[in-house]
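A.B. asks: Before anything else, here's the structure in question.
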Amino acid sequence: MAHFEAYQEYQRIEDVEEDSPPGEEDLLVHVPEGLKDSWHHIKNLDNFFTRIYHFHQKNGFACMMLTEFFELVQFLFVVTFTTFLVNCVEYDVLFANRAVNHTEPGHNPLDRSKVTIHDALLPSQQCTDRIRGDSWIIFLLIMATIFWIYRLVKVFCNVLSYWEIRQFYIKALKIRMDELCNFTWQEVQDRLISLQREQQMCIHKKELTELDIYHRILRFKNYMVAMINKSLLPVQLQLPLLGNVVFLTQGLKYNFELILFWGPGSLFQNKWNLHPKYKRNGNRLELAQQLSRVILLMGLANLLLCPFILVWQVLYAFFSYTEVIRREPGSLGARRWSLYGRLYLRHFNELDHELHGRLGRAYKPTSKYMNSFTSPLLTVLAKNIAFFSGSVLAVLIALTVYDEDVLTVQHILTAITVLGIVITVTRSFIPDEHMVWCPEQLLQCMLAHIHYMPDHWRGSANKSETRDEVAQLFQYKAVFILEELLSPIVTPFILIFHLRNKSLEIIDFFRNFTVEVVGVGDICSFAQMDIRRHGNPTWLSEGQTEASVYQQAENGKTELSLMHFTIKNPRWQPPQESSVFISHLKEKVHHDAQSGPSTQLLLSEAPFCSSLQSHESGTVPESLLASVLAHPVLTASGLQGGEHRFLPPSTAASAAASVLASLSTSQLAHGGRGRSPGLLPASIHPESTMYRSDRTVMDSMTNSDARYRSTTLHSEFASAEMSLHAIYMHELHQQSSHPQRTSGQWQNPVLMRDLHPNTGFQDRARLSSTGSLPTPVHLGGWREEEEEDEDEEEINSGSHRGVAGSS
């Protein structure tokens, strides 16, 4: 624990009184006289900005309220329908275990053997008596009613709050509800920043920055990302027979947040300030004991509520997934990003929609990587089980077609359903015999979008250990459902036996890695993306950082988060230390671009590379990414056309540097990073055939359509640019961490045919002098917007790595 004690105590960026006095939780404070429609001195800016963000992401007031209304109805339905099934159905009659007397007047004697739904239902009076006679059912119904009333009150409060947010959008931001879907979050954020200059929403700062808004929306999420990055939260467990298992569910995450951030006895005294006692080093042991007691009480409370939560989880899962499983049995074999994966792969200061878009583009290559691992033993078993099950099913279907009375045989429908599910499940274990996978190539494709990858994955993509670690981030849906069902049972034991042991480390973490920022409050210091304080020398910050190993963020998260935020928010002015890092990276890119392929060459290869990658998307950024990632494969294999005589051995890093250098040059030529993204199409060079059609379409559009198109295109280029940076920075990190590999394992093979080394430099000089080099193509430079483009790069990156590794 020496490194915890050696680190300095809580720090302040600037001395400032807290943003709002404790206890003042109102969302908005209106000035009664004068501008009554203005918003001044908003007391809880965290809540305010978060609601503005959710209002935008959830498509406005009507959609949000309708969703909350149906959540209330859904809970009511689950409770009442379950009570009805347990107490009001005569199952002996329904299953024909007891005969039904149909001798009453009005019944057809020929229908005496038929059982109707009415026969299987108890009379209302008898059903009511059964419910009243069961004290356990009465207790559960009372608990459910209390919870439903609580949810009803919360929905009513949300209606009032979000109605005021609706008014804020209309009157302050000048965005009508029917136009909300046409605005990106960056555009809404720009209007918020402009509004701050006119109306002091935050009284402690004259102007807000993009980072201030992100800090308030993501205050607690940045802490969670940092604690996962530093392996502080006990989510990795060593279990007998299973080995290292990652367990993080919605319930467990909720308990972590309740204990640390906003529950009774939490470390924060309000939404924006850490309690003063946790900022001092003197009483850390006493505070750790207090936190340990809070965790113990929370664990015991979870243990007490375990039966009720478990019942609800089972019922909700049954009603949610049964029909989906019946209709698509293979859906359980589909994969999804785990909750742990979302925290592990998340950048500091990355909003939900940015993370969702990035991981969405990583879904296909990651699925392909996981599917590249097959078990020959399971394949043989699956083929034979599918054969036998299919044979029996074929006979039953044939008999049913011949005579439908076969369906009246007891359990025949059950047998047909079960056999169909078995066949579907077993076929998922049978690989496509025509597909050839290259794990290294696919892993590089993943990296282009997920941006984070442990060092030991490189060169080990074909190992089962690597596959198992990827599976912790990208789990089966069946595993997700099973973990959520087990969560009420497992969570109390994790809290009591694992999290309590981390109490002192948690206290030290919050003291050492919390800073107070003027106008924002207490935030996680990692969220400042301060290279000097949290940089890693092996991630291009050597000579710029003073961080010890304890202070460094793992896996280059500080550096990659800084680049991501800079690209996504092009008007943000980074602090001095961050600007130095970005300038250093630009210089490195320009230097490495000298040995890389020309951008013109990459652009001309884009269609072929997309085809080589089996990627059907034809968008400009994705095609360019495909060429960047596949170019080393082409130069090594000789697949390029004869017109490109200069084919030096190159890496994905050099190809990415070449493109990034052209982007930076293009941006400087068009007025710098602060230029409006709406002008992007006009900056496209008119002589470039790749962009001419886009510009022609743009000229024929209305202003609204043109703005939407240009924003979308800029977002794609920004995402592609970040993917290029991720590939480039990981390559340089490998060279810095493993210099012996740069001349061996990580270097691409030389092309096995005649080369003409002088021609390439002449061609590049000629292209640059004539202006045909696509430097006017503004791909986002060192700027931003959304993300939509990393798919292509991912696929191409995988291609390069796979061929290089296999060769």
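As shown in the structure tokens, the chain order sets the letters A, B, ...; within each chain, residues go from 1, and ligands are also counted from 1 in the order they appear.
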Between segment 469-576 of chain A and segment 215-234 of chain A, at 9 Å or less, what are the per-residue closest atom pairs and their distances in Å? Count only C-alpha atoms, order by chain and rising residue number, and return it as CSV.
C.D. replies:
```
residue,atom,partner,partner_atom,distance
A:Ile494,CA,A:Pro234,CA,7.5
A:Leu495,CA,A:Pro234,CA,8.8
A:His498,CA,A:Pro234,CA,6.2
A:Leu499,CA,A:Pro234,CA,6.1
A:Lys502,CA,A:Leu232,CA,7.5
A:Glu505,CA,A:Leu232,CA,7.5
A:Ile506,CA,A:Leu232,CA,7.4
A:Phe509,CA,A:Met227,CA,8.4
A:Phe510,CA,A:Tyr223,CA,8.7
A:Val520,CA,A:Arg216,CA,6.8
A:Gly521,CA,A:Arg216,CA,8.6
A:Asp522,CA,A:Arg219,CA,8.4
A:Ile523,CA,A:Arg219,CA,6.0
A:Cys524,CA,A:Tyr223,CA,5.7
A:Ser525,CA,A:Tyr223,CA,8.9
A:Phe526,CA,A:Ala226,CA,6.9
A:Ala527,CA,A:Asn222,CA,6.2
A:Gln528,CA,A:His215,CA,8.7
A:Tyr550,CA,A:Lys230,CA,8.6
A:Gln552,CA,A:Lys230,CA,9.0
A:Ala553,CA,A:Asn229,CA,6.9
A:Glu554,CA,A:Asn229,CA,6.1
A:Asn555,CA,A:Asn229,CA,8.2
A:Lys557,CA,A:Asn229,CA,8.2
```
A.B. asks: Can you pull out every residue within 6 Å of Gly596 of chain A, counting only C-alpha atoms, but drop anything in the same chain fewer than 4 positions away, and send it as JSON, numbers by chain?
C.D. replies: {"A": [654, 655, 658]}
A.B. asks: Please identify every residue of segment 391-429 of chain A that has at least one atom no farther than 7 Å from an atom of segment 325-341 of chain A, counting only C-alpha atoms, and for each give the shortest atom pair and the distance in Å to one decimal, arranged by chain then increasing number, as CSV.
C.D. replies:
```
residue,atom,partner,partner_atom,distance
A:Ile421,CA,A:Pro329,CA,5.8
A:Thr424,CA,A:Gly330,CA,6.2
A:Val425,CA,A:Gly330,CA,6.0
```
A.B. asks: Output the selection as a PDB file, in the first residue's frame - N, CA, C and O atoms for each residue.
C.D. replies:
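To be explicit, this is the file written out as part_3.pdb:
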```pdb
ATOM      1  N   ILE A 421     -35.725 -26.697 -32.169  1.00  0.00           N
ATOM      2  CA  ILE A 421     -34.761 -25.913 -31.392  1.00  0.00           C
ATOM      3  C   ILE A 421     -33.408 -26.614 -31.360  1.00  0.00           C
ATOM      4  O   ILE A 421     -32.354 -25.973 -31.515  1.00  0.00           O
ATOM      5  N   THR A 424     -31.607 -26.110 -34.645  1.00  0.00           N
ATOM      6  CA  THR A 424     -31.112 -24.742 -34.786  1.00  0.00           C
ATOM      7  C   THR A 424     -29.871 -24.515 -33.943  1.00  0.00           C
ATOM      8  O   THR A 424     -28.898 -23.887 -34.398  1.00  0.00           O
ATOM      9  N   VAL A 425     -29.878 -25.022 -32.710  1.00  0.00           N
ATOM     10  CA  VAL A 425     -28.734 -24.831 -31.822  1.00  0.00           C
ATOM     11  C   VAL A 425     -27.511 -25.592 -32.336  1.00  0.00           C
ATOM     12  O   VAL A 425     -26.391 -25.065 -32.367  1.00  0.00           O
TER      13      VAL A 425
END
```
A.B. asks: What does the distance from atom CA of Trp572 of chain A to atom CA of Ile52 of chain A come to in Å, to one decimal?
C.D. replies: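 Taking atom CA of Trp572 of chain A and atom CA of Ile52 of chain A, their separation equals 20.0 Å.
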A.B. asks: How would you write, as a list of chain:residue names, the set of residues in segment 234-289 of chain A that DSSP gives as strand (DSSP E or B)?
C.D. replies: A:Gln236, A:Leu237, A:Gln238, A:Leu239, A:Gly243, A:Asn244, A:Val245, A:Val246, A:Phe268, A:Leu274
